[in-house]
Amino acid sequence: MMKEISRIGVIGSGQMGAGIAQVSAMSGYETLIWDVSKDNLTENVKGIFSQLNKMVEKGKLTAIQSEAAKALLFAGNTMQDFASCDLVVEAATENFQVKAEIFKNLDETLKPEGILASNTSSISITKIAATTKRPSQVIGMHFMNPVPLMKLVELIRGIQTNDETYN
């Protein structure tokens with residue numbers, strides 16, 4: 001039986017991570033975003049708010065929808081903040097060692113039923129999943145850029161990704 005996802009985490013606040021967090025909050029999910037650089041995180045959360053304001057100006061969102069999305073977006077202080085997330089999407093640099101460290105830390109922090117996803121476009125999901133004790137709950141979610149405008153998300157299964165995680 002599939003568990004309802006209500007809280008989404010995003011690791012990395014660059015262009016892709018910020019876009020994923022923005023779409024997550026716009027979709028009604030409580031969204032936690034974190035970045036190794038606190039300065040980048042602060043600036044990029046301001047950027048998300050600015051993008052939401054521009055969408056209101058262009059008539060793509062109502063002011064109420066924009067404010068609702070802003071109210072659902074939170075900046076994290078540490079990876080420990082992700083403990084209660086149902087799904088965490090990693091959008092860090094395309095470097096296996098960096099991703100492996102993130103996934104090891106998240107695996108220890110995230111609740112047992114939590115799903116771990118990577119936005120990677122070039123690193124094996126099976127290889128990333130092998131850094132965790134939950135390879136059946138690791139999946140690739142390759143978002144297209146710019147995330148708020150592109151509705152396509154490619155799902156990539158690792159060898160051990162189970163059907164519940166994929167669904």
# chains A, B, ... in the order shown; residues from 1 in each chain; ligands from 1
>>> residues_around(residues="Leu73 in chain A", least_positions_apart="3", cutoff="8 Å", atoms="only C-alpha atoms", output="PDB file with N, CA and C atoms, in the first residue's frame")
ATOM      1  N   ALA A  21      11.911  22.788  -5.698  1.00  0.00           N
ATOM      2  CA  ALA A  21      11.265  23.258  -4.464  1.00  0.00           C
ATOM      3  C   ALA A  21      10.071  24.158  -4.783  1.00  0.00           C
ATOM      4  N   GLN A  22      10.233  25.038  -5.759  1.00  0.00           N
ATOM      5  CA  GLN A  22       9.137  25.931  -6.146  1.00  0.00           C
ATOM      6  C   GLN A  22       7.926  25.133  -6.622  1.00  0.00           C
ATOM      7  N   ALA A  25       6.214  23.250  -3.694  1.00  0.00           N
ATOM      8  CA  ALA A  25       5.387  24.136  -2.865  1.00  0.00           C
ATOM      9  C   ALA A  25       4.133  24.582  -3.621  1.00  0.00           C
ATOM     10  N   GLU A  30       4.297  20.644   1.706  1.00  0.00           N
ATOM     11  CA  GLU A  30       5.230  21.310   2.610  1.00  0.00           C
ATOM     12  C   GLU A  30       6.612  20.967   2.083  1.00  0.00           C
ATOM     13  N   THR A  31       7.442  21.968   1.842  1.00  0.00           N
ATOM     14  CA  THR A  31       8.717  21.766   1.153  1.00  0.00           C
ATOM     15  C   THR A  31       9.864  22.358   1.955  1.00  0.00           C
ATOM     16  N   LEU A  32      10.855  21.535   2.199  1.00  0.00           N
ATOM     17  CA  LEU A  32      12.058  21.942   2.910  1.00  0.00           C
ATOM     18  C   LEU A  32      13.207  21.951   1.911  1.00  0.00           C
ATOM     19  N   ILE A  33      13.926  23.060   1.825  1.00  0.00           N
ATOM     20  CA  ILE A  33      15.071  23.158   0.921  1.00  0.00           C
ATOM     21  C   ILE A  33      16.319  23.469   1.743  1.00  0.00           C
ATOM     22  N   ALA A  69       1.979  28.982  -1.666  1.00  0.00           N
ATOM     23  CA  ALA A  69       3.243  28.301  -1.980  1.00  0.00           C
ATOM     24  C   ALA A  69       4.365  28.820  -1.085  1.00  0.00           C
ATOM     25  N   LYS A  70       4.416  30.143  -0.897  1.00  0.00           N
ATOM     26  CA  LYS A  70       5.456  30.731  -0.036  1.00  0.00           C
ATOM     27  C   LYS A  70       5.336  30.205   1.398  1.00  0.00           C
TER      28      LYS A  70
END
>>> residues_around(residues="Lys60 in chain A", least_positions_apart="5", cutoff="12 Å", atoms="only C-alpha atoms", output="PDB file with all heavy atoms, in the first residue's frame")
ATOM      1  N   MET A  26       4.277  24.889  -4.914  1.00  0.00           N
ATOM      2  CA  MET A  26       3.124  25.289  -5.724  1.00  0.00           C
ATOM      3  C   MET A  26       2.103  24.160  -5.833  1.00  0.00           C
ATOM      4  O   MET A  26       0.916  24.420  -6.027  1.00  0.00           O
ATOM      5  CB  MET A  26       3.576  25.707  -7.131  1.00  0.00           C
ATOM      6  CG  MET A  26       4.283  27.038  -7.192  1.00  0.00           C
ATOM      7  SD  MET A  26       5.032  27.386  -8.815  1.00  0.00           S
ATOM      8  CE  MET A  26       3.668  27.137  -9.922  1.00  0.00           C
ATOM      9  N   GLN A  51      10.188  34.638  -8.247  1.00  0.00           N
ATOM     10  CA  GLN A  51       9.566  33.926  -9.372  1.00  0.00           C
ATOM     11  C   GLN A  51       8.062  33.776  -9.158  1.00  0.00           C
ATOM     12  O   GLN A  51       7.270  33.918 -10.092  1.00  0.00           O
ATOM     13  CB  GLN A  51      10.212  32.537  -9.557  1.00  0.00           C
ATOM     14  CG  GLN A  51      11.604  32.581 -10.133  1.00  0.00           C
ATOM     15  CD  GLN A  51      11.631  33.196 -11.519  1.00  0.00           C
ATOM     16  OE1 GLN A  51      10.786  32.938 -12.361  1.00  0.00           O
ATOM     17  NE2 GLN A  51      12.615  34.052 -11.754  1.00  0.00           N
ATOM     18  N   LEU A  52       7.663  33.470  -7.936  1.00  0.00           N
ATOM     19  CA  LEU A  52       6.234  33.353  -7.627  1.00  0.00           C
ATOM     20  C   LEU A  52       5.535  34.702  -7.842  1.00  0.00           C
ATOM     21  O   LEU A  52       4.432  34.747  -8.398  1.00  0.00           O
ATOM     22  CB  LEU A  52       6.030  32.842  -6.198  1.00  0.00           C
ATOM     23  CG  LEU A  52       6.446  31.385  -5.960  1.00  0.00           C
ATOM     24  CD1 LEU A  52       6.500  31.074  -4.473  1.00  0.00           C
ATOM     25  CD2 LEU A  52       5.516  30.419  -6.691  1.00  0.00           C
ATOM     26  N   ASN A  53       6.171  35.791  -7.442  1.00  0.00           N
ATOM     27  CA  ASN A  53       5.609  37.123  -7.660  1.00  0.00           C
ATOM     28  C   ASN A  53       5.457  37.425  -9.146  1.00  0.00           C
ATOM     29  O   ASN A  53       4.446  37.980  -9.582  1.00  0.00           O
ATOM     30  CB  ASN A  53       6.460  38.202  -6.990  1.00  0.00           C
ATOM     31  CG  ASN A  53       6.419  38.124  -5.476  1.00  0.00           C
ATOM     32  OD1 ASN A  53       5.498  37.568  -4.888  1.00  0.00           O
ATOM     33  ND2 ASN A  53       7.443  38.665  -4.834  1.00  0.00           N
ATOM     34  N   LYS A  54       6.467  37.048  -9.943  1.00  0.00           N
ATOM     35  CA  LYS A  54       6.406  37.268 -11.397  1.00  0.00           C
ATOM     36  C   LYS A  54       5.274  36.463 -12.024  1.00  0.00           C
ATOM     37  O   LYS A  54       4.625  36.933 -12.964  1.00  0.00           O
ATOM     38  CB  LYS A  54       7.738  36.892 -12.052  1.00  0.00           C
ATOM     39  CG  LYS A  54       8.834  37.894 -11.808  1.00  0.00           C
ATOM     40  CD  LYS A  54      10.126  37.457 -12.462  1.00  0.00           C
ATOM     41  CE  LYS A  54      11.262  38.394 -12.065  1.00  0.00           C
ATOM     42  NZ  LYS A  54      12.554  37.924 -12.527  1.00  0.00           N
ATOM     43  N   MET A  55       5.036  35.259 -11.497  1.00  0.00           N
ATOM     44  CA  MET A  55       3.943  34.438 -12.025  1.00  0.00           C
ATOM     45  C   MET A  55       2.589  35.094 -11.748  1.00  0.00           C
ATOM     46  O   MET A  55       1.674  34.997 -12.567  1.00  0.00           O
ATOM     47  CB  MET A  55       4.015  33.028 -11.453  1.00  0.00           C
ATOM     48  CG  MET A  55       5.223  32.246 -11.948  1.00  0.00           C
ATOM     49  SD  MET A  55       5.335  30.590 -11.249  1.00  0.00           S
ATOM     50  CE  MET A  55       4.236  29.726 -12.379  1.00  0.00           C
ATOM     51  N   GLN A  65      -2.606  31.852  -4.470  1.00  0.00           N
ATOM     52  CA  GLN A  65      -1.790  30.662  -4.763  1.00  0.00           C
ATOM     53  C   GLN A  65      -0.316  30.927  -4.477  1.00  0.00           C
ATOM     54  O   GLN A  65       0.381  30.071  -3.935  1.00  0.00           O
ATOM     55  CB  GLN A  65      -1.971  30.244  -6.231  1.00  0.00           C
ATOM     56  CG  GLN A  65      -3.331  29.680  -6.547  1.00  0.00           C
ATOM     57  CD  GLN A  65      -3.557  29.531  -8.045  1.00  0.00           C
ATOM     58  OE1 GLN A  65      -3.171  30.397  -8.839  1.00  0.00           O
ATOM     59  NE2 GLN A  65      -4.178  28.416  -8.421  1.00  0.00           N
ATOM     60  N   SER A  66       0.147  32.099  -4.834  1.00  0.00           N
ATOM     61  CA  SER A  66       1.538  32.468  -4.593  1.00  0.00           C
ATOM     62  C   SER A  66       1.836  32.493  -3.097  1.00  0.00           C
ATOM     63  O   SER A  66       2.852  31.931  -2.647  1.00  0.00           O
ATOM     64  CB  SER A  66       1.830  33.840  -5.215  1.00  0.00           C
ATOM     65  OG  SER A  66       3.126  34.273  -4.879  1.00  0.00           O
ATOM     66  N   PRO A 148       9.904  24.973 -13.308  1.00  0.00           N
ATOM     67  CA  PRO A 148       8.528  25.480 -13.218  1.00  0.00           C
ATOM     68  C   PRO A 148       7.788  25.550 -14.560  1.00  0.00           C
ATOM     69  O   PRO A 148       6.564  25.614 -14.589  1.00  0.00           O
ATOM     70  CB  PRO A 148       8.706  26.883 -12.628  1.00  0.00           C
ATOM     71  CG  PRO A 148       9.999  26.807 -11.896  1.00  0.00           C
ATOM     72  CD  PRO A 148      10.864  25.904 -12.732  1.00  0.00           C
ATOM     73  N   LEU A 149       8.517  25.524 -15.670  1.00  0.00           N
ATOM     74  CA  LEU A 149       7.881  25.618 -16.982  1.00  0.00           C
ATOM     75  C   LEU A 149       7.781  24.282 -17.712  1.00  0.00           C
ATOM     76  O   LEU A 149       6.943  24.124 -18.592  1.00  0.00           O
ATOM     77  CB  LEU A 149       8.651  26.611 -17.871  1.00  0.00           C
ATOM     78  CG  LEU A 149       8.747  28.036 -17.346  1.00  0.00           C
ATOM     79  CD1 LEU A 149       9.543  28.904 -18.302  1.00  0.00           C
ATOM     80  CD2 LEU A 149       7.356  28.626 -17.112  1.00  0.00           C
TER      81      LEU A 149
END
>>> closest_atom_pairs(of="range 24-109 of chain A", to="range 117-126 of chain A", cutoff="7 Å", atoms="only C-alpha atoms", output="JSON lines")
{"residue": "A:Val88", "atom": "CA", "partner": "A:Ala117", "partner_atom": "CA", "distance": 6.0}
{"residue": "A:Val89", "atom": "CA", "partner": "A:Ala117", "partner_atom": "CA", "distance": 4.6}
{"residue": "A:Glu90", "atom": "CA", "partner": "A:Ser118", "partner_atom": "CA", "distance": 4.7}
{"residue": "A:Ala91", "atom": "CA", "partner": "A:Asn119", "partner_atom": "CA", "distance": 5.3}
{"residue": "A:Glu94", "atom": "CA", "partner": "A:Thr120", "partner_atom": "CA", "distance": 6.6}
{"residue": "A:Phe96", "atom": "CA", "partner": "A:Ile123", "partner_atom": "CA", "distance": 6.9}
>>> closest_residue(among="A:Thr62, A:Pro135, A:Val147, A:Glu67", to="Phe49 in chain A", atoms="only C-alpha atoms")
A:Glu67
>>> atom_distance(atom1="CA of Asn167 in chain A", atom2="CA of Gly9 in chain A")
18.3 Å
>>> residues_around(residues="range 136-142 of chain A", least_positions_apart="6", cutoff="9 Å", atoms="only C-alpha atoms", output="number ranges by chain")
A: 89, 113-121, 124-126, 128-129, 152-166
>>> select_by_dssp(residues="chain A", states="strand (DSSP E or B)", output="ChimeraX atom specification")
/A:7-11,30-34,73-75,87-90,115-118,138-143,153-157
>>> residues_around(residues="Gln80 in chain A", least_positions_apart="3", cutoff="10 Å", atoms="only C-alpha atoms", output="PyMOL selection string")
chain A and resi 76-77+83-84+105-106+108-110
>>> select_by_dssp(residues="chain A", states="alpha helix (DSSP H)", output="number ranges by chain")
A: 15-26, 38-57, 63-72, 96-109, 125-129, 163-166
